[in-house]
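Q: Take a look at the following structure, please.
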Amino acid sequence: MIEDIQEVLLGTDVLATRVRELGAQISADYAGKEILMIGVLRGAVIFMSDLARAISVPVAIDFMAVSSYGVSSNSSGVVRILKDLDENVEGKKLLIVEDIIDTGLTLKYLLENLWSRKPASIEICTLLNKPSRRKAEVPISYNGFDIPDYFVVGYGLDYAGKYRNLPFIGVLKPEAYQ
């Protein structure tokens, strides 16, 4: 797997530091409140686990699985909910946790779907943001890193189900996905 990595974009120490910073910011913003963190499977699991441990306010956790990629390196634009929430979100403060926001189309769909369930609020926390690829604007409250238009893997992000377990964010060599 390592041989498929062109370069390490964000190392383990940089990731750990930023996750702690995000956790402190979220804890301050939600002081005295409880959050329902909604992880978008599967890519956000590792980031969300580390983030939850960095937050000092009460946190409940639930997951949604959505698909818009399949085994492609580009979003298909068609969003499917593969796993819905177990929790009722009405009246709750939601924090959507994403691994990466690319075009924004998947997240726009997810936001519309969740707002229809009448939560008290919805905020978005993403580890990675690719503003150059945005097709739908989404309000990001907590942003780990803006990155260039690279195809990245590791720390939960995958290509065709591989590379999620890498402890860093790396740029995948084009020959690995073309």
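Letters A, B, ... mark the chains of the structure tokens in the order given; residue numbers begin at 1 per chain; ligand numbers begin at 1, in order shown.
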Apply DSSP to the structure's backbone, then extract all residues of chain A labelled helix (DSSP H, G or I) and return them as a count of residues only.
A: 47
Q: Applying 10 Å and only C-alpha atoms, which residues near Pro167 of chain A remain after dropping the ones on its own chain fewer than 2 positions away? List them as a list in words.
A: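 The residues satisfying every condition are Leu10, Gly11, Thr12, Asp13, Leu15, Ile46, Val153, Gly154, Tyr155, Gly156, Tyr163, Arg164, Asn165, Ile169 and Gly170 of chain A.
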Q: Let me see the file: selected residues, all heavy atoms, as a CSV table (one decimal), in the first residue's frame.
A:
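Listing of out-v1.csv after writing:
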chain,number,residue,atom,x,y,z
A,10,LEU,N,-0.5,15.1,5.0
A,10,LEU,CA,-0.7,15.4,6.4
A,10,LEU,C,-0.3,14.3,7.3
A,10,LEU,O,-0.9,13.2,7.2
A,10,LEU,CB,-2.2,15.8,6.7
A,10,LEU,CG,-2.8,16.9,5.9
A,10,LEU,CD1,-4.3,16.9,6.0
A,10,LEU,CD2,-2.2,18.2,6.4
A,11,GLY,N,0.8,14.5,8.1
A,11,GLY,CA,1.3,13.4,8.9
A,11,GLY,C,0.5,13.2,10.2
A,11,GLY,O,-0.4,14.0,10.5
A,12,THR,N,0.9,12.1,10.9
A,12,THR,CA,0.1,11.8,12.1
A,12,THR,C,0.1,12.8,13.2
A,12,THR,O,-0.9,13.1,13.8
A,12,THR,CB,0.6,10.4,12.7
A,12,THR,OG1,2.0,10.6,12.9
A,12,THR,CG2,0.4,9.3,11.7
A,13,ASP,N,1.3,13.5,13.4
A,13,ASP,CA,1.3,14.5,14.4
A,13,ASP,C,0.5,15.7,14.0
A,13,ASP,O,-0.2,16.3,14.9
A,13,ASP,CB,2.8,15.0,14.6
A,13,ASP,CG,3.6,13.9,15.3
A,13,ASP,OD1,3.0,12.9,15.9
A,13,ASP,OD2,4.9,13.9,15.2
A,15,LEU,N,-2.2,15.7,12.1
A,15,LEU,CA,-3.6,15.3,12.3
A,15,LEU,C,-4.0,15.3,13.7
A,15,LEU,O,-5.1,15.9,14.1
A,15,LEU,CB,-3.8,13.9,11.7
A,15,LEU,CG,-3.7,13.8,10.1
A,15,LEU,CD1,-3.7,12.4,9.7
A,15,LEU,CD2,-4.9,14.5,9.5
A,46,ILE,N,-12.6,7.0,11.7
A,46,ILE,CA,-11.3,7.2,12.4
A,46,ILE,C,-11.2,8.6,12.9
A,46,ILE,O,-10.9,8.8,14.1
A,46,ILE,CB,-10.1,6.8,11.6
A,46,ILE,CG1,-10.1,5.3,11.3
A,46,ILE,CG2,-8.8,7.2,12.2
A,46,ILE,CD1,-9.1,4.8,10.3
A,153,VAL,N,-5.9,9.5,0.4
A,153,VAL,CA,-6.3,8.3,1.1
A,153,VAL,C,-5.7,8.3,2.5
A,153,VAL,O,-4.7,9.1,2.7
A,153,VAL,CB,-6.0,7.0,0.4
A,153,VAL,CG1,-6.8,6.9,-0.9
A,153,VAL,CG2,-4.5,6.9,0.1
A,154,GLY,N,-6.1,7.4,3.4
A,154,GLY,CA,-5.5,7.3,4.7
A,154,GLY,C,-6.4,7.9,5.7
A,154,GLY,O,-7.3,8.7,5.4
A,155,TYR,N,-6.2,7.6,7.0
A,155,TYR,CA,-6.9,8.1,8.1
A,155,TYR,C,-8.4,8.0,7.9
A,155,TYR,O,-9.2,8.9,8.2
A,155,TYR,CB,-6.4,9.5,8.4
A,155,TYR,CG,-6.8,10.1,9.8
A,155,TYR,CD1,-6.2,9.5,11.0
A,155,TYR,CD2,-7.7,11.1,10.0
A,155,TYR,CE1,-6.6,10.0,12.2
A,155,TYR,CE2,-8.0,11.6,11.2
A,155,TYR,CZ,-7.5,11.0,12.3
A,155,TYR,OH,-7.8,11.5,13.6
A,156,GLY,N,-8.8,6.9,7.3
A,156,GLY,CA,-10.3,6.7,7.1
A,156,GLY,C,-10.7,6.8,5.6
A,156,GLY,O,-11.7,6.2,5.2
A,163,TYR,N,-6.7,1.4,1.9
A,163,TYR,CA,-5.9,2.5,2.4
A,163,TYR,C,-6.4,3.2,3.6
A,163,TYR,O,-5.8,4.1,4.2
A,163,TYR,CB,-5.6,3.6,1.3
A,163,TYR,CG,-5.1,3.1,0.0
A,163,TYR,CD1,-6.0,3.0,-1.1
A,163,TYR,CD2,-3.8,2.7,-0.2
A,163,TYR,CE1,-5.5,2.5,-2.3
A,163,TYR,CE2,-3.3,2.2,-1.4
A,163,TYR,CZ,-4.2,2.1,-2.5
A,163,TYR,OH,-3.7,1.6,-3.6
A,164,ARG,N,-7.6,2.8,4.1
A,164,ARG,CA,-8.3,3.5,5.2
A,164,ARG,C,-7.4,3.5,6.5
A,164,ARG,O,-7.4,4.3,7.3
A,164,ARG,CB,-9.6,2.9,5.6
A,164,ARG,CG,-10.7,3.2,4.6
A,164,ARG,CD,-12.0,2.6,5.2
A,164,ARG,NE,-13.1,2.5,4.1
A,164,ARG,CZ,-13.8,3.5,3.7
A,164,ARG,NH1,-13.6,4.7,4.1
A,164,ARG,NH2,-14.7,3.2,2.7
A,165,ASN,N,-6.6,2.4,6.6
A,165,ASN,CA,-5.9,2.2,7.8
A,165,ASN,C,-4.5,2.9,7.9
A,165,ASN,O,-3.8,2.8,8.9
A,165,ASN,CB,-5.6,0.7,8.1
A,165,ASN,CG,-4.9,0.0,6.9
A,165,ASN,OD1,-5.1,0.3,5.7
A,165,ASN,ND2,-4.0,-0.9,7.2
A,169,ILE,N,-2.6,11.2,6.0
A,169,ILE,CA,-3.3,11.5,4.7
A,169,ILE,C,-2.2,11.5,3.7
A,169,ILE,O,-1.3,12.3,3.7
A,169,ILE,CB,-4.1,12.8,4.8
A,169,ILE,CG1,-5.1,12.8,6.0
A,169,ILE,CG2,-4.7,13.1,3.5
A,169,ILE,CD1,-6.3,12.0,5.8
A,170,GLY,N,-2.4,10.7,2.6
A,170,GLY,CA,-1.4,10.7,1.6
A,170,GLY,C,-2.1,10.9,0.2
A,170,GLY,O,-3.3,10.6,0.0
Q: Taking into account only C-alpha atoms, which residue in the set A:Phe145, A:Gly104, A:Glu175, A:Asn113 is nearest to Val14 of chain A?
A: A:Phe145
Q: Tyr150 of chain A: which residues within 12 Å, counting only C-alpha atoms, same-chain residues fewer than 5 positions away excluded, as a VMD selection string?
A: chain A and resid 5 to 9 73 to 74 100 102 128 to 133 169 to 174
Q: Work out how far apart atom CA of Glu90 of chain A and atom CA of Ser116 of chain A are and give it in Å to one decimal.
A: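 So the answer is 9.3 Å.
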Q: Which residue, A:Asp86, A:Asp62, A:Glu3, A:Glu21, has the smallest gap to Leu36 of chain A when you use only C-alpha atoms?
A: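 Among A:Asp86, A:Asp62, A:Glu3, A:Glu21, it is A:Asp62 that comes nearest to Leu36 of chain A.
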Q: Write out as a ChimeraX atom specification the set of residues from segment 98-139 of chain A that DSSP, computed on the backbone, places in strand (DSSP E).
A: /A:98-101,121-129
Q: When distances are computed from only C-alpha atoms, which of A:Pro139, A:Gly144, A:Pro58, A:Gly43 shows the smallest separation from Tyr159 of chain A?
A: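 Ranked by minimum distance to Tyr159 of chain A, first place goes to A:Gly43.
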Q: Of the candidates A:Leu95, A:Val66, A:Val45, A:Val79, which shows the shortest atom-to-atom distance to Ser27 of chain A, using only C-alpha atoms?
A: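 Among the listed residues, the smallest separation from Ser27 of chain A belongs to A:Leu95.
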Q: What's around Ile124 of chain A at 6 Å? Count only C-alpha atoms, leave out sequence neighbours fewer than 6 positions away in its own chain, and write the answer as a ChimeraX atom specification.
A: /A:95-96,140-141
Q: Between segment 62-173 of chain A and segment 49-57 of chain A, at 10 Å or less, what are the per-residue closest atom pairs and their distances in Å? Count only C-alpha atoms, order by chain and rising residue number, and return it as a tab-separated table.
A:
residue	atom	partner	partner_atom	distance
A:Val97	CA	A:Leu51	CA	9.1
A:Cys125	CA	A:Leu51	CA	9.8
A:Leu127	CA	A:Leu51	CA	9.8
Q: Atom CA of Arg20 of chain A to atom CA of Ile61 of chain A: how many Å, to one decimal?
A: 18.1 Å
